[in-house]
Amino acid sequence: MPIITPPAVVEFQSVSKVYRLGFLGRQRICALRDVTLAVPRGSVFGVVGPNRAGKTTLVKALLSICRPTAGTILRLGRSAQDRSTLDRVGYLHESQAFPRYLTATALLQYYGALSFVPAGELARRIPRRLEQVGLADRAREPIATFSKGMVQRLALAQAMVNDPELLVLDEPTEGMDLVARKLLHDVVRRHKAEGKTTILVSHSLSDVEQLCDRVAVLRGGRVAFSGALSELIAGATADDSAAALQDALEPMYAGAST
Amino acid sequence: MTLSKFVTTTTWLVRDTFRQSLASGLCWLLLGLSTICILVCCSAGANGHRSLILPGEHNGNFLPRFDREAHDAQKLKQSGTIVADGTLSLAFGAIRVPLARDAREAVHFVQLVLSAGVADTLGLLLTLVWTAGFLPGFLDRRAIAVLLAKPIPRGALLMGKYIGVLAFVLVQASYFVVGTWLALALRTGIWDASYLLSVPLLLLHFAIFFSVSLLLAVCTRSTVVSVFGSIAFWGICWAINYGRHSVMAAAAIAPEGSISPGLLRLANFGYWLFPKPVDLGRFVFDTLGAESSFRPLFQHLPSVSMGLSIFTSLLFTGYVLFAASRYLRRVEY
């Protein structure tokens, strides 16, 4: 029986990204090298790799925060240059710098409105989102009084406020305690159950193992592995690229054990 | 991006700017300073019933009260000369300043000082300094990343924030001008509505120089560069503007050939290229009818086409805003 692959929500086709730094941009840093990936609809797609592997650049290129030097990116069936599809995307940034003068509710109103969610819909949705991330009782409090973990949970609610088809989470468990981490897992699982797609960029292999059904391993801007999580676990020692994969994952395991 | 989406974006960015100003205390600080000026106006009074120019007379003979001949009643009566008897009082009459003006002119003089001196010079520079921090905070790498992932073009985000700051300044300028106007009018009974034109003029002046602050913020994301850069730019523009008028005035009276044509061309080039704060100040004076009070300030300067001067200043602003949007579109975050 043939395996039917669901249509891709995100496609990277030979994407490269070179940052030019220093005086007159003479210093070049190659963050992505010929990356080709497809993220199937309805999946939880993990992106893992050691520091400076190019994970965040991959996300930024997907969200039009930076432009790829070469290659094509398709987001929700359209070129990533077309910003109109971003109203169906939710993004949790790796480090939060929200306006500290806003309350939790005001923050969600602000970012929701800038995703063009109608005001009435937003009014109904915000209490639900705050409930989901365990901040319903802090809705009227300014963010300045929040702990790092609470801000991270609020960031998750922000990413979900426009009820996105594609949720992009960049290091979402940073600063979260076990309870918050469980809340995150619940949110991602519920999102998947609704047939929607999540891209999870993480240092935490345990999060990836628990949540993702497909994984891409990046190292030095290249894709060292891309496929089902089960293939990664089973094939890590048998595949020809096992050594490269081991190189990519080793620093992460080392980090996890400390 | 559709117009309705642009309006939505701008509305929320305006709202965010007001929240930012409230949280930083800037809003209260400016309102406090304006309130002090309003209270000073509440304590002011003016009297003196003789007009400088009699009805139907365009050049009435006028003597200040401290002139020796002003006390010779017989002579005054014969020549029809009038002596100004205006008095400006402050702190509910505790301070009395004799003025060579009638009450209406005295109030008008106070309004001109408030508009051109307090608001258009001191207020403008302070507001430029205090609002310069709005943009770098907004454009911080971590803060803007989430906004850049929204379906809004970067240029629209920048314009929204620019309009937000202008809206904030409009509210502050309106409070200051309307507040002082009402206070003076209620105390003196003189309702001079031309003073209210200060509000759009102050906003125009601020909009031109804040565009430079915005460009510096986009390019450097540094509050310090934005603050000092925009103030330095204002100073340079002032010098170029005043310098050009001085060179032109000198050229008009100096013997032919004594001023180098190259210098004239250079002065004109700088003048037409950059914003013109001296002309804008002069425009405020002209609009508010400051001819009788501040004639010596500008009488040595050559006449200029105000419309063209303001148009070229606005053209510069438009170009700077375009350059800032273009830079933001290309910058890597």
# chains A, B, ... in the order shown; residues from 1 in each chain; ligands from 1
call {"tool": "interface_residues", "arguments": {"of": "chain B", "to": "chain A", "cutoff": "12 Å", "atoms": "only C-alpha atoms", "output": "PyMOL selection string"}}
result
chain B and resi 1-2+4-25+134+137-154+156-157+160+328-333
call {"tool": "residues_around", "arguments": {"residues": "Phe225 in chain A", "least_positions_apart": "2", "cutoff": "8 Å", "atoms": "only C-alpha atoms", "output": "ChimeraX atom specification"}}
result
/A:215-218,223,227,232,245
call {"tool": "atom_distance", "arguments": {"atom1": "CA of Pro127 in chain A", "atom2": "CA of Gln152 in chain A"}}
result
17.0 Å
call {"tool": "select_by_dssp", "arguments": {"residues": "range 64-232 of chain B", "states": "alpha helix (DSSP H)", "output": "VMD selection string"}}
result
chain B and resid 73 to 79 103 to 112 124 to 131 134 to 138 141 to 148 154 to 188 198 to 220 223 to 232
call {"tool": "closest_residue", "arguments": {"among": "B:Leu90, B:Val304, B:Val107, B:Ala267", "to": "Ala193 in chain B", "atoms": "only C-alpha atoms"}}
result
B:Val107
call {"tool": "residues_around", "arguments": {"residues": "range 218-228 of chain B", "least_positions_apart": "5", "cutoff": "8 Å", "atoms": "only C-alpha atoms", "output": "PyMOL selection string"}}
result
chain B and resi 128-130+132-133+135-137+139-140+213+324+327-328
call {"tool": "residues_around", "arguments": {"residues": "Gly235 in chain B", "least_positions_apart": "3", "cutoff": "12 Å", "atoms": "only C-alpha atoms", "output": "number ranges by chain"}}
result
B: 121, 125, 209, 228-232, 238-243, 274-278
call {"tool": "write_last_selection", "arguments": {"atoms": "C-alpha atoms", "output": "PDB file, in the first residue's frame"}}
result
ATOM      1  CA  THR B 121      12.015  76.498  20.372  1.00  0.00           C
ATOM      2  CA  LEU B 125      13.955  70.713  21.359  1.00  0.00           C
ATOM      3  CA  PHE B 209      12.793  67.259  12.547  1.00  0.00           C
ATOM      4  CA  PHE B 228      22.118  64.155  19.704  1.00  0.00           C
ATOM      5  CA  GLY B 229      21.868  63.567  15.967  1.00  0.00           C
ATOM      6  CA  SER B 230      18.467  65.211  15.618  1.00  0.00           C
ATOM      7  CA  ILE B 231      19.402  68.163  17.839  1.00  0.00           C
ATOM      8  CA  ALA B 232      22.705  68.648  15.990  1.00  0.00           C
ATOM      9  CA  TRP B 238      19.295  76.680  11.635  1.00  0.00           C
ATOM     10  CA  ALA B 239      22.841  77.834  10.846  1.00  0.00           C
ATOM     11  CA  ILE B 240      22.471  77.047   7.128  1.00  0.00           C
ATOM     12  CA  ASN B 241      19.112  78.833   6.976  1.00  0.00           C
ATOM     13  CA  TYR B 242      20.238  81.922   8.872  1.00  0.00           C
ATOM     14  CA  GLY B 243      23.612  81.935   7.125  1.00  0.00           C
ATOM     15  CA  PHE B 274      17.617  71.129   4.046  1.00  0.00           C
ATOM     16  CA  PRO B 275      14.668  72.043   6.311  1.00  0.00           C
ATOM     17  CA  LYS B 276      14.455  75.695   7.262  1.00  0.00           C
ATOM     18  CA  PRO B 277      13.847  76.259  10.983  1.00  0.00           C
ATOM     19  CA  VAL B 278      14.400  80.030  10.761  1.00  0.00           C
TER      20      VAL B 278
END
call {"tool": "residues_around", "arguments": {"residues": "Ala46 in chain B", "least_positions_apart": "3", "cutoff": "8 Å", "atoms": "only C-alpha atoms", "output": "number ranges by chain"}}
result
B: 86-89, 103-104, 106-107, 188
call {"tool": "select_by_dssp", "arguments": {"residues": "range 185-222 of chain A", "states": "strand (DSSP E or B)", "output": "MDAnalysis selection string"}}
result
chainID A and resid 197:201 214:219 222
call {"tool": "residues_around", "arguments": {"residues": "Ala193 in chain A", "least_positions_apart": "4", "cutoff": "10 Å", "atoms": "only C-alpha atoms", "output": "ChimeraX atom specification"}}
result
/A:42-43,187-189,197
call {"tool": "residues_around", "arguments": {"residues": "Gly289 in chain B", "least_positions_apart": "5", "cutoff": "12 Å", "atoms": "only C-alpha atoms", "output": "list in words"}}
result
Glu105, His108, Phe109, Gln111, Leu112, Ala116, Asp192, Ala193, Ser194, Tyr195, Leu197, Ser198, Arg282, Phe283, Val284, Phe294 and Arg295 of chain B
call {"tool": "decode", "arguments": {"residues": "range 184-299 of chain B", "atoms": "C-alpha atoms", "output": "CSV table (one decimal), in the first residue's frame"}}
result
chain,number,residue,atom,x,y,z
B,184,LEU,CA,-5.3,84.4,29.1
B,185,ALA,CA,-8.6,85.0,27.5
B,186,LEU,CA,-10.6,84.3,30.7
B,187,ARG,CA,-8.3,86.6,32.8
B,188,THR,CA,-8.1,89.5,30.3
B,189,GLY,CA,-11.3,89.2,28.2
B,190,ILE,CA,-9.2,89.2,25.0
B,191,TRP,CA,-10.0,86.3,22.8
B,192,ASP,CA,-7.4,86.3,20.0
B,193,ALA,CA,-8.1,83.1,18.1
B,194,SER,CA,-5.1,83.5,15.7
B,195,TYR,CA,-2.9,82.0,18.6
B,196,LEU,CA,-4.6,78.7,18.1
B,197,LEU,CA,-2.9,78.4,14.7
B,198,SER,CA,0.2,77.6,16.7
B,199,VAL,CA,-0.9,74.0,17.1
B,200,PRO,CA,-0.6,72.9,13.4
B,201,LEU,CA,2.6,75.0,13.0
B,202,LEU,CA,4.2,73.4,16.0
B,203,LEU,CA,3.3,70.0,14.7
B,204,LEU,CA,4.6,70.8,11.3
B,205,HIS,CA,8.0,71.9,12.7
B,206,PHE,CA,8.2,68.8,14.9
B,207,ALA,CA,7.2,66.5,12.1
B,208,ILE,CA,10.1,67.7,9.9
B,209,PHE,CA,12.8,67.3,12.5
B,210,PHE,CA,11.4,64.1,14.1
B,211,SER,CA,11.7,62.4,10.7
B,212,VAL,CA,15.5,62.8,11.1
B,213,SER,CA,15.4,61.3,14.5
B,214,LEU,CA,13.4,58.4,13.0
B,215,LEU,CA,16.0,57.8,10.3
B,216,LEU,CA,18.8,57.8,12.8
B,217,ALA,CA,16.9,55.4,15.1
B,218,VAL,CA,16.3,53.0,12.2
B,219,CYS,CA,19.9,53.1,11.1
B,220,THR,CA,21.6,52.9,14.5
B,221,ARG,CA,18.8,51.7,17.0
B,222,SER,CA,20.6,54.0,19.5
B,223,THR,CA,18.7,56.5,21.6
B,224,VAL,CA,21.9,58.6,22.1
B,225,VAL,CA,22.5,58.9,18.4
B,226,SER,CA,18.9,59.8,17.8
B,227,VAL,CA,18.8,62.5,20.5
B,228,PHE,CA,22.1,64.2,19.7
B,229,GLY,CA,21.9,63.6,16.0
B,230,SER,CA,18.5,65.2,15.6
B,231,ILE,CA,19.4,68.2,17.8
B,232,ALA,CA,22.7,68.6,16.0
B,233,PHE,CA,20.8,68.4,12.7
B,234,TRP,CA,18.4,71.1,13.9
B,235,GLY,CA,21.3,73.3,14.8
B,236,ILE,CA,23.0,72.8,11.5
B,237,CYS,CA,19.8,73.5,9.6
B,238,TRP,CA,19.3,76.7,11.6
B,239,ALA,CA,22.8,77.8,10.8
B,240,ILE,CA,22.5,77.0,7.1
B,241,ASN,CA,19.1,78.8,7.0
B,242,TYR,CA,20.2,81.9,8.9
B,243,GLY,CA,23.6,81.9,7.1
B,244,ARG,CA,22.0,81.9,3.7
B,245,HIS,CA,19.7,84.8,4.6
B,246,SER,CA,22.6,86.8,6.0
B,247,VAL,CA,24.7,86.1,2.8
B,248,MET,CA,21.8,87.2,0.6
B,249,ALA,CA,21.2,90.3,2.7
B,250,ALA,CA,24.9,91.2,2.6
B,251,ALA,CA,25.0,90.6,-1.2
B,252,ALA,CA,22.1,93.0,-1.7
B,253,ILE,CA,24.0,95.9,0.0
B,254,ALA,CA,27.6,95.1,-0.7
B,255,PRO,CA,29.4,96.3,-3.8
B,256,GLU,CA,29.0,94.0,-6.8
B,257,GLY,CA,31.6,91.2,-6.8
B,258,SER,CA,32.6,91.6,-3.2
B,259,ILE,CA,30.8,88.4,-2.3
B,260,SER,CA,31.9,85.3,-4.2
B,261,PRO,CA,29.3,83.8,-6.5
B,262,GLY,CA,30.5,80.4,-5.3
B,263,LEU,CA,29.6,81.2,-1.7
B,264,LEU,CA,26.1,82.4,-2.9
B,265,ARG,CA,25.6,79.2,-4.8
B,266,LEU,CA,26.7,77.1,-1.8
B,267,ALA,CA,24.5,79.0,0.6
B,268,ASN,CA,21.5,78.6,-1.7
B,269,PHE,CA,22.2,74.9,-2.3
B,270,GLY,CA,22.2,74.2,1.5
B,271,TYR,CA,19.2,76.4,2.0
B,272,TRP,CA,17.0,74.7,-0.6
B,273,LEU,CA,18.2,71.2,0.3
B,274,PHE,CA,17.6,71.1,4.0
B,275,PRO,CA,14.7,72.0,6.3
B,276,LYS,CA,14.5,75.7,7.3
B,277,PRO,CA,13.8,76.3,11.0
B,278,VAL,CA,14.4,80.0,10.8
B,279,ASP,CA,11.8,80.3,8.0
B,280,LEU,CA,9.4,78.1,10.0
B,281,GLY,CA,9.9,80.4,13.0
B,282,ARG,CA,9.3,83.4,10.8
B,283,PHE,CA,6.2,81.7,9.4
B,284,VAL,CA,4.8,81.3,13.0
B,285,PHE,CA,5.4,85.0,13.6
B,286,ASP,CA,3.8,86.0,10.3
B,287,THR,CA,0.8,83.7,10.9
B,288,LEU,CA,0.3,85.0,14.4
B,289,GLY,CA,0.7,88.6,13.3
B,290,ALA,CA,3.9,89.4,15.2
B,291,GLU,CA,4.7,92.4,13.0
B,292,SER,CA,4.2,95.0,15.7
B,293,SER,CA,6.0,93.1,18.4
B,294,PHE,CA,8.9,91.4,16.7
B,295,ARG,CA,9.7,93.4,13.6
B,296,PRO,CA,13.4,94.0,14.5
B,297,LEU,CA,14.0,90.3,14.7
B,298,PHE,CA,13.5,89.6,11.0
B,299,GLN,CA,13.6,93.0,9.3
